[in-house]
file final21.cif (mmCIF, C-alpha atoms)
data_data
loop_
_atom_site.label_atom_id
_atom_site.label_comp_id
_atom_site.auth_asym_id
_atom_site.auth_seq_id
_atom_site.Cartn_x
_atom_site.Cartn_y
_atom_site.Cartn_z
CA MET A 19 21.33 11.20 -69.53
CA SER A 20 18.29 12.27 -71.54
CA VAL A 21 15.01 14.08 -70.93
CA SER A 22 11.78 12.48 -72.11
CA PHE A 23 8.13 13.49 -72.13
CA ASP A 24 4.91 11.49 -72.36
CA PHE A 25 2.82 13.73 -74.61
CA GLN A 26 -0.38 12.12 -73.36
CA GLN A 27 0.43 13.45 -69.88
CA LEU A 28 1.14 17.04 -70.99
CA THR A 29 -1.25 19.94 -71.31
CA GLU A 30 -1.97 21.52 -74.68
CA ARG A 31 0.26 24.48 -73.78
CA GLN A 32 3.14 22.21 -72.74
CA ARG A 33 2.93 20.23 -75.98
CA TYR A 34 2.79 23.48 -77.96
CA LYS A 35 5.94 24.85 -76.30
CA LEU A 36 7.92 21.68 -76.99
CA MET A 37 6.77 21.44 -80.59
CA ILE A 38 7.37 25.04 -81.67
CA GLY A 39 10.73 25.09 -79.91
CA THR A 40 11.89 21.91 -81.62
CA ILE A 41 10.32 21.83 -85.07
CA ILE A 42 12.35 24.70 -86.47
CA PRO A 43 12.70 26.76 -88.57
CA ARG A 44 9.09 27.11 -89.73
CA PRO A 45 8.34 29.26 -92.79
CA ILE A 46 5.80 32.04 -92.32
CA ALA A 47 2.72 32.40 -94.51
CA LEU A 48 1.08 35.82 -94.46
CA VAL A 49 -2.37 34.69 -95.59
CA THR A 50 -4.73 37.12 -97.26
CA THR A 51 -8.45 36.41 -97.57
CA VAL A 52 -11.68 38.31 -98.15
CA ASP A 53 -14.99 37.84 -96.38
CA GLU A 54 -18.36 37.49 -98.07
CA ASN A 55 -18.58 41.30 -98.28
CA GLY A 56 -15.18 41.65 -99.94
CA ARG A 57 -13.37 42.99 -96.85
CA ILE A 58 -9.68 42.06 -96.75
CA ASN A 59 -8.04 40.18 -93.89
CA ALA A 60 -4.36 39.33 -93.44
CA ALA A 61 -2.86 37.07 -90.78
CA PRO A 62 0.50 35.28 -90.35
CA PHE A 63 0.80 31.52 -89.82
CA SER A 64 3.94 29.55 -89.02
CA PHE A 65 2.12 26.21 -89.10
CA PHE A 66 2.64 26.19 -92.85
CA ASN A 67 4.43 24.24 -95.58
CA CYS A 68 4.16 22.65 -99.02
CA LEU A 69 2.92 19.07 -99.26
CA SER A 70 2.75 18.11 -102.93
CA ALA A 71 3.70 19.29 -106.41
CA ASP A 72 1.25 17.10 -108.32
CA PRO A 73 -1.29 18.38 -107.49
CA PRO A 74 0.39 21.55 -106.15
CA ILE A 75 -0.79 21.55 -102.53
CA LEU A 76 0.25 23.64 -99.54
CA ALA A 77 -1.22 23.59 -96.05
CA ILE A 78 -1.78 26.02 -93.19
CA GLY A 79 -2.80 25.28 -89.62
CA VAL A 80 -5.56 27.71 -88.57
CA GLU A 81 -6.39 27.93 -84.89
CA ASN A 82 -9.97 28.43 -83.73
CA ASN A 83 -11.11 30.85 -81.05
CA VAL A 84 -11.43 29.54 -77.49
CA ASP A 85 -15.21 29.21 -77.93
CA MET A 86 -14.60 27.08 -81.06
CA SER A 87 -15.78 29.84 -83.40
CA PHE A 88 -13.69 30.46 -86.49
CA LYS A 89 -11.14 33.23 -86.63
CA ASP A 90 -11.29 35.53 -89.65
CA THR A 91 -9.01 33.46 -91.88
CA GLY A 92 -10.87 30.22 -91.23
CA HIS A 93 -14.25 31.92 -91.64
CA ASN A 94 -13.27 33.65 -94.88
CA ILE A 95 -11.86 30.50 -96.47
CA ARG A 96 -15.06 28.64 -95.65
CA MET A 97 -17.17 31.39 -97.19
CA THR A 98 -15.11 32.03 -100.34
CA GLU A 99 -13.16 28.76 -100.81
CA VAL A 100 -9.98 30.72 -101.66
CA PHE A 101 -6.94 32.28 -100.00
CA THR A 102 -3.51 33.62 -100.92
CA VAL A 103 -0.23 32.73 -99.22
CA ASN A 104 2.33 35.54 -99.26
CA ILE A 105 5.92 34.61 -98.38
CA VAL A 106 7.39 36.86 -95.68
CA SER A 107 10.78 38.42 -96.41
CA PHE A 108 12.96 40.22 -93.88
CA ALA A 109 11.93 43.52 -95.50
CA ILE A 110 8.28 43.03 -94.53
CA ALA A 111 8.85 41.22 -91.23
CA GLU A 112 7.67 44.14 -89.10
CA ALA A 113 4.60 44.64 -91.29
CA MET A 114 3.78 40.94 -90.94
CA HIS A 115 4.03 41.38 -87.16
CA VAL A 116 1.52 44.24 -87.31
CA CYS A 117 -0.90 42.00 -89.21
CA GLY A 118 -0.71 39.47 -86.37
CA ALA A 119 -2.36 41.80 -83.84
CA LYS A 120 -5.91 40.99 -82.73
CA TYR A 121 -7.95 43.56 -84.64
CA PRO A 122 -11.75 43.62 -84.62
CA ARG A 123 -13.38 41.79 -87.53
CA GLY A 124 -13.54 43.97 -90.62
CA VAL A 125 -10.30 45.90 -90.01
CA ASP A 126 -7.95 45.79 -93.04
CA GLU A 127 -4.65 44.63 -91.56
CA LEU A 128 -2.77 45.41 -94.76
CA LYS A 129 -3.66 49.08 -94.46
CA GLU A 130 -2.65 49.07 -90.79
CA ALA A 131 0.71 47.54 -91.76
CA GLY A 132 1.34 49.81 -94.76
CA LEU A 133 1.25 46.94 -97.25
CA THR A 134 -0.27 47.08 -100.73
CA ALA A 135 -3.12 44.77 -101.75
CA MET A 136 -3.06 43.73 -105.40
CA PRO A 137 -6.08 42.06 -107.03
CA GLY A 138 -5.80 38.32 -107.46
CA GLU A 139 -5.59 36.90 -110.94
CA LYS A 140 -7.74 33.79 -110.38
CA VAL A 141 -9.08 34.17 -106.85
CA ALA A 142 -10.92 36.90 -104.95
CA SER A 143 -8.26 37.28 -102.27
CA PRO A 144 -5.47 39.79 -103.01
CA PHE A 145 -1.73 39.24 -103.01
CA ILE A 146 0.74 41.60 -101.36
CA ALA A 147 2.84 43.71 -103.71
CA GLU A 148 5.77 43.90 -101.28
CA ALA A 149 5.99 40.12 -100.76
CA PRO A 150 8.75 38.35 -102.72
CA ALA A 151 6.31 35.63 -103.79
CA ALA A 152 2.64 34.78 -103.41
CA PHE A 153 0.50 31.74 -104.20
CA GLU A 154 -3.17 32.06 -105.06
CA CYS A 155 -4.99 28.99 -103.74
CA LYS A 156 -8.35 27.30 -103.96
CA ARG A 157 -9.34 25.26 -100.92
CA HIS A 158 -8.67 21.58 -101.59
CA VAL A 159 -9.76 20.01 -98.31
CA THR A 160 -10.08 21.03 -94.67
CA LEU A 161 -9.23 18.68 -91.80
CA GLU A 162 -10.80 19.34 -88.41
CA LEU A 163 -8.34 18.55 -85.60
CA GLY A 164 -10.44 18.30 -82.47
CA ARG A 165 -11.68 21.56 -80.96
CA SER A 166 -8.66 23.73 -81.53
CA ARG A 167 -7.49 23.78 -85.11
CA GLN A 168 -8.16 23.22 -88.79
CA ILE A 169 -5.64 22.14 -91.38
CA VAL A 170 -6.54 23.86 -94.63
CA MET A 171 -5.00 22.41 -97.77
CA GLY A 172 -5.01 24.67 -100.78
CA GLU A 173 -4.29 23.94 -104.42
CA ILE A 174 -2.03 26.58 -105.95
CA VAL A 175 -3.63 27.99 -109.10
CA TYR A 176 -1.44 31.04 -109.73
CA ALA A 177 1.90 32.39 -108.51
CA HIS A 178 3.34 35.91 -108.34
CA TYR A 179 7.02 36.83 -107.98
CA ARG A 180 8.67 40.20 -107.61
CA ASP A 181 11.21 41.17 -110.27
CA GLY A 182 14.56 39.48 -109.75
CA VAL A 183 13.28 36.66 -107.55
CA VAL A 184 12.84 33.94 -110.19
CA ASP A 185 14.47 33.17 -113.53
CA PRO A 186 11.47 32.83 -115.87
CA GLU A 187 13.35 30.46 -118.21
CA ARG A 188 15.06 28.11 -115.73
CA LEU A 189 12.43 28.59 -112.96
CA HIS A 190 15.30 28.98 -110.49
CA VAL A 191 14.21 30.92 -107.42
CA ASP A 192 16.98 32.99 -105.86
CA PRO A 193 16.88 32.39 -102.07
CA ALA A 194 18.81 35.62 -101.46
CA ALA A 195 16.14 37.60 -103.32
CA VAL A 196 13.34 35.86 -101.41
CA ASP A 197 15.18 36.61 -98.14
CA ALA A 198 12.55 34.67 -96.22
CA ILE A 199 12.27 34.63 -92.46
CA ALA A 200 11.13 31.78 -90.24
CA ARG A 201 9.73 31.26 -86.77
CA LEU A 202 11.67 29.54 -84.01
CA GLY A 203 10.36 29.05 -80.47
CA GLY A 204 8.58 31.82 -78.56
CA ASP A 205 9.01 35.26 -80.13
CA THR A 206 12.28 34.38 -81.88
CA CYS A 207 12.60 34.49 -85.66
CA ALA A 208 15.47 33.70 -88.03
CA THR A 209 16.61 34.57 -91.52
CA THR A 210 17.70 32.11 -94.20
CA ARG A 211 20.89 33.97 -95.05
CA ASP A 212 23.37 31.33 -93.81
CA ARG A 213 23.37 28.53 -96.37
CA PHE A 214 25.46 25.54 -97.40
CA GLU A 215 25.22 22.97 -100.17
CA MET A 216 24.51 19.25 -99.76
CA LEU A 217 24.38 17.42 -103.07
CA THR A 218 21.88 14.61 -103.52
CA PRO A 219 23.68 11.37 -102.57
CA LYS A 220 24.27 8.80 -105.30
CA LEU A 221 25.08 5.14 -104.88
CA LEU A 222 28.29 4.00 -106.56
CA HIS A 223 27.85 1.19 -109.06
CA ARG A 224 30.31 -1.58 -108.24
CA ALA A 225 31.16 -4.79 -110.00
CA PHE A 226 29.73 -7.58 -107.87
CA PRO A 227 31.76 -10.81 -107.67
CA PHE A 228 28.79 -13.08 -108.21
CA SER A 229 26.88 -13.43 -111.44
CA SER A 230 23.11 -13.77 -111.47
CA GLU A 231 23.44 -16.41 -114.15
CA SER A 232 23.36 -20.04 -113.00
#
call {"tool": "encode", "arguments": {"input": "final21.cif", "output": "structure tokens"}}
result
Amino acid sequence: MSVSFDFQQLTERQRYKLMIGTIIPRPIALVTTVDENGRINAAPFSFFNCLSADPPILAIGVENNVDMSFKDTGHNIRMTEVFTVNIVSFAIAEAMHVCGAKYPRGVDELKEAGLTAMPGEKVASPFIAEAPAAFECKRHVTLELGRSRQIVMGEIVYAHYRDGVVDPERLHVDPAAVDAIARLGGDTCATTRDRFEMLTPKLLHRAFPFSSES
């Protein structure tokens, strides 16, 4: 016995509940931007992941307001063409949650959350000193998905890591030092502390009984 759903017969909210409850865990991007007047904004997004290494592209799903106007993150990226993705560790989970509140435009969420804004190296948007890692991005392309959402793809132009997170010679990132959290369904989050290894599978070369020679 199974349960099935015709997505074309569901409401937007019903589709959303099924998707976020099933497509798990989802990494959280705490995205920092600045508006055209240099005011800082920070907002978390769990519709986020990496897409390519060459070129180095990541993507975030940015929801619009009900009246189709852009929220601060979408507006700021359109105006400045840049943004910074800060990875959320367990240590800054509560601060990330504070940044997700609906503040009036112009309020600095980082100050409200007690986080430290550091000037970007190659982009105008800051990175967060307390984050284990951060990627400075230039907007690559924006996809408009109907009335509700934009998919913003950014090209990573600079990366920041806290001390002890990455081996600068081997470029090995320590997952325990990152200590990232992820979103599940509803208000539930998860850590990445339970891990196991699965080596890349390799086909065994066997001697075949037939020769390719005629």
call {"tool": "atom_distance", "arguments": {"input": "final21.cif", "atom1": "CA of Ala135 in chain A", "atom2": "CA of Val100 in chain A"}}
result
15.6 Å
call {"tool": "closest_residue", "arguments": {"input": "final21.cif", "among": "A:Asp205, A:Ile105, A:Ile95, A:Ser143", "to": "Thr160 in chain A", "atoms": "only C-alpha atoms"}}
result
A:Ile95
call {"tool": "closest_atom_pairs", "arguments": {"input": "final21.cif", "of": "range 67-186 of chain A", "to": "range 210-223 of chain A", "cutoff": "12 Å", "atoms": "all atoms listed in the file", "output": "CSV"}}
result
residue,atom,partner,partner_atom,distance
A:Val106,CA,A:Thr210,CA,11.4
A:Ser107,CA,A:Thr210,CA,9.6
A:Phe108,CA,A:Thr210,CA,9.4
call {"tool": "resolve_selection", "arguments": {"input": "final21.cif", "expression": "the PyMOL selection byres ((chain A and resi 50-59) around 6)", "output": "list in words"}}
result
Val49, Ala60, Asn94, Phe101, Thr102, Asp126 and Ser143 of chain A
call {"tool": "resolve_selection", "arguments": {"input": "final21.cif", "expression": "the PyMOL selection byres ((chain A and resi 179-186) around 9)", "output": "JSON, numbers by chain"}}
result
{"A": [147, 148, 149, 150, 151, 152, 177, 178, 187, 188, 189, 190, 191, 192, 193, 194, 195, 196]}
call {"tool": "write_last_selection", "arguments": {"input": "final21.cif", "atoms": "C-alpha atoms", "output": "mmCIF file, in the coordinates of the input"}}
result
data_model
loop_
_atom_site.group_PDB
_atom_site.id
_atom_site.type_symbol
_atom_site.label_atom_id
_atom_site.label_comp_id
_atom_site.auth_asym_id
_atom_site.auth_seq_id
_atom_site.Cartn_x
_atom_site.Cartn_y
_atom_site.Cartn_z
ATOM 1 C CA ALA A 147 2.840 43.710 -103.710
ATOM 2 C CA GLU A 148 5.770 43.900 -101.280
ATOM 3 C CA ALA A 149 5.990 40.120 -100.760
ATOM 4 C CA PRO A 150 8.750 38.350 -102.720
ATOM 5 C CA ALA A 151 6.310 35.630 -103.790
ATOM 6 C CA ALA A 152 2.640 34.780 -103.410
ATOM 7 C CA ALA A 177 1.900 32.390 -108.510
ATOM 8 C CA HIS A 178 3.340 35.910 -108.340
ATOM 9 C CA GLU A 187 13.350 30.460 -118.210
ATOM 10 C CA ARG A 188 15.060 28.110 -115.730
ATOM 11 C CA LEU A 189 12.430 28.590 -112.960
ATOM 12 C CA HIS A 190 15.300 28.980 -110.490
ATOM 13 C CA VAL A 191 14.210 30.920 -107.420
ATOM 14 C CA ASP A 192 16.980 32.990 -105.860
ATOM 15 C CA PRO A 193 16.880 32.390 -102.070
ATOM 16 C CA ALA A 194 18.810 35.620 -101.460
ATOM 17 C CA ALA A 195 16.140 37.600 -103.320
ATOM 18 C CA VAL A 196 13.340 35.860 -101.410
#
call {"tool": "closest_residue", "arguments": {"input": "final21.cif", "among": "A:Ala111, A:Leu133, A:Ala142, A:Cys68", "to": "Thr98 in chain A", "atoms": "only C-alpha atoms"}}
result
A:Ala142
call {"tool": "resolve_selection", "arguments": {"input": "final21.cif", "expression": "the PyMOL selection byres ((chain A and resi 132) around 10)", "output": "VMD selection string"}}
result
chain A and resid 110 113 to 114 116 to 117 127 to 131 133 to 135 148
call {"tool": "write_last_selection", "arguments": {"input": "final21.cif", "atoms": "C-alpha atoms", "output": "PDB file, keeping the file's coordinate frame"}}
result
ATOM      1  CA  ILE A 110       8.280  43.030 -94.530  1.00  0.00           C
ATOM      2  CA  ALA A 113       4.600  44.640 -91.290  1.00  0.00           C
ATOM      3  CA  MET A 114       3.780  40.940 -90.940  1.00  0.00           C
ATOM      4  CA  VAL A 116       1.520  44.240 -87.310  1.00  0.00           C
ATOM      5  CA  CYS A 117      -0.900  42.000 -89.210  1.00  0.00           C
ATOM      6  CA  GLU A 127      -4.650  44.630 -91.560  1.00  0.00           C
ATOM      7  CA  LEU A 128      -2.770  45.410 -94.760  1.00  0.00           C
ATOM      8  CA  LYS A 129      -3.660  49.080 -94.460  1.00  0.00           C
ATOM      9  CA  GLU A 130      -2.650  49.070 -90.790  1.00  0.00           C
ATOM     10  CA  ALA A 131       0.710  47.540 -91.760  1.00  0.00           C
ATOM     11  CA  LEU A 133       1.250  46.940 -97.250  1.00  0.00           C
ATOM     12  CA  THR A 134      -0.270  47.080-100.730  1.00  0.00           C
ATOM     13  CA  ALA A 135      -3.120  44.770-101.750  1.00  0.00           C
ATOM     14  CA  GLU A 148       5.770  43.900-101.280  1.00  0.00           C
TER      15      GLU A 148
END
call {"tool": "closest_residue", "arguments": {"input": "final21.cif", "among": "A:Ala109, A:Val141, A:Ala47, A:Val175", "to": "Pro74 in chain A", "atoms": "only C-alpha atoms"}}
result
A:Val175
call {"tool": "decode", "arguments": {"input": "final21.cif", "residues": "range 34-121 of chain A", "atoms": "C-alpha atoms", "output": "JSON list (two decimals), in the first residue's frame"}}
result
[["chain", "number", "residue", "atom", "x", "y", "z"],
["A", 34, "TYR", "CA", 5.64, 23.10, -0.25],
["A", 35, "LYS", "CA", 4.91, 20.91, 2.79],
["A", 36, "LEU", "CA", 5.60, 17.70, 0.88],
["A", 37, "MET", "CA", 8.80, 19.01, -0.68],
["A", 38, "ILE", "CA", 10.44, 20.47, 2.44],
["A", 39, "GLY", "CA", 9.48, 17.42, 4.47],
["A", 40, "THR", "CA", 10.98, 15.02, 1.93],
["A", 41, "ILE", "CA", 13.97, 16.76, 0.35],
["A", 42, "ILE", "CA", 16.13, 16.66, 3.44],
["A", 43, "PRO", "CA", 18.51, 17.68, 4.90],
["A", 44, "ARG", "CA", 18.88, 21.07, 3.23],
["A", 45, "PRO", "CA", 21.95, 23.20, 4.02],
["A", 46, "ILE", "CA", 21.29, 26.71, 5.27],
["A", 47, "ALA", "CA", 22.78, 29.80, 3.63],
["A", 48, "LEU", "CA", 22.81, 32.93, 5.77],
["A", 49, "VAL", "CA", 22.99, 35.43, 2.92],
["A", 50, "THR", "CA", 24.40, 38.90, 3.49],
["A", 51, "THR", "CA", 23.79, 41.73, 1.05],
["A", 52, "VAL", "CA", 23.88, 45.52, 1.00],
["A", 53, "ASP", "CA", 21.37, 47.89, -0.58],
["A", 54, "GLU", "CA", 22.21, 50.79, -2.85],
["A", 55, "ASN", "CA", 22.86, 52.94, 0.23],
["A", 56, "GLY", "CA", 25.27, 50.43, 1.78],
["A", 57, "ARG", "CA", 22.86, 49.19, 4.47],
["A", 58, "ILE", "CA", 23.45, 45.56, 5.45],
["A", 59, "ASN", "CA", 20.80, 42.84, 5.27],
["A", 60, "ALA", "CA", 21.08, 39.22, 6.40],
["A", 61, "ALA", "CA", 18.54, 36.45, 5.78],
["A", 62, "PRO", "CA", 18.64, 32.63, 5.95],
["A", 63, "PHE", "CA", 17.70, 30.39, 3.01],
["A", 64, "SER", "CA", 17.37, 26.61, 3.01],
["A", 65, "PHE", "CA", 16.61, 26.47, -0.72],
["A", 66, "PHE", "CA", 20.35, 26.50, -1.32],
["A", 67, "ASN", "CA", 23.14, 24.32, -2.74],
["A", 68, "CYS", "CA", 26.20, 24.18, -4.98],
["A", 69, "LEU", "CA", 25.69, 23.44, -8.68],
["A", 70, "SER", "CA", 29.08, 23.57, -10.39],
["A", 71, "ALA", "CA", 32.80, 23.79, -9.70],
["A", 72, "ASP", "CA", 33.82, 25.01, -13.16],
["A", 73, "PRO", "CA", 32.62, 27.71, -13.09],
["A", 74, "PRO", "CA", 32.11, 27.73, -9.30],
["A", 75, "ILE", "CA", 28.35, 28.28, -9.06],
["A", 76, "LEU", "CA", 25.96, 28.08, -6.12],
["A", 77, "ALA", "CA", 22.25, 28.87, -6.08],
["A", 78, "ILE", "CA", 19.69, 30.21, -3.64],
["A", 79, "GLY", "CA", 15.91, 30.26, -3.96],
["A", 80, "VAL", "CA", 14.60, 33.71, -2.98],
["A", 81, "GLU", "CA", 10.88, 34.06, -2.37],
["A", 82, "ASN", "CA", 9.04, 37.22, -3.39],
["A", 83, "ASN", "CA", 6.51, 39.08, -1.28],
["A", 84, "VAL", "CA", 2.83, 38.23, -1.75],
["A", 85, "ASP", "CA", 2.37, 41.34, -3.93],
["A", 86, "MET", "CA", 5.27, 40.13, -6.15],
["A", 87, "SER", "CA", 7.62, 42.84, -4.87],
["A", 88, "PHE", "CA", 11.15, 41.77, -4.05],
["A", 89, "LYS", "CA", 12.20, 41.02, -0.50],
["A", 90, "ASP", "CA", 15.38, 42.71, 0.71],
["A", 91, "THR", "CA", 17.78, 39.99, -0.46],
["A", 92, "GLY", "CA", 16.32, 39.85, -3.96],
["A", 93, "HIS", "CA", 16.19, 43.64, -4.22],
["A", 94, "ASN", "CA", 19.76, 44.09, -3.00],
["A", 95, "ILE", "CA", 21.21, 41.49, -5.36],
["A", 96, "ARG", "CA", 19.46, 43.16, -8.28],
["A", 97, "MET", "CA", 20.85, 46.55, -7.29],
["A", 98, "THR", "CA", 24.42, 45.53, -6.46],
["A", 99, "GLU", "CA", 24.89, 42.26, -8.42],
["A", 100, "VAL", "CA", 26.66, 40.65, -5.43],
["A", 101, "PHE", "CA", 25.94, 38.66, -2.29],
["A", 102, "THR", "CA", 27.75, 36.53, 0.28],
["A", 103, "VAL", "CA", 26.72, 33.07, 1.46],
["A", 104, "ASN", "CA", 27.68, 32.33, 5.06],
["A", 105, "ILE", "CA", 27.51, 28.69, 6.18],
["A", 106, "VAL", "CA", 25.51, 28.24, 9.38],
["A", 107, "SER", "CA", 27.17, 26.24, 12.17],
["A", 108, "PHE", "CA", 25.44, 24.99, 15.30],
["A", 109, "ALA", "CA", 27.20, 27.74, 17.26],
["A", 110, "ILE", "CA", 25.40, 30.48, 15.31],
["A", 111, "ALA", "CA", 22.10, 28.65, 14.79],
["A", 112, "GLU", "CA", 20.16, 30.88, 17.18],
["A", 113, "ALA", "CA", 21.66, 34.02, 15.66],
["A", 114, "MET", "CA", 20.66, 32.79, 12.20],
["A", 115, "HIS", "CA", 17.12, 32.32, 13.53],
["A", 116, "VAL", "CA", 17.08, 35.93, 14.74],
["A", 117, "CYS", "CA", 18.09, 37.10, 11.26],
["A", 118, "GLY", "CA", 15.06, 35.28, 9.82],
["A", 119, "ALA", "CA", 12.55, 37.55, 11.59],
["A", 120, "LYS", "CA", 10.59, 40.03, 9.45],
["A", 121, "TYR", "CA", 12.32, 43.31, 10.25]]
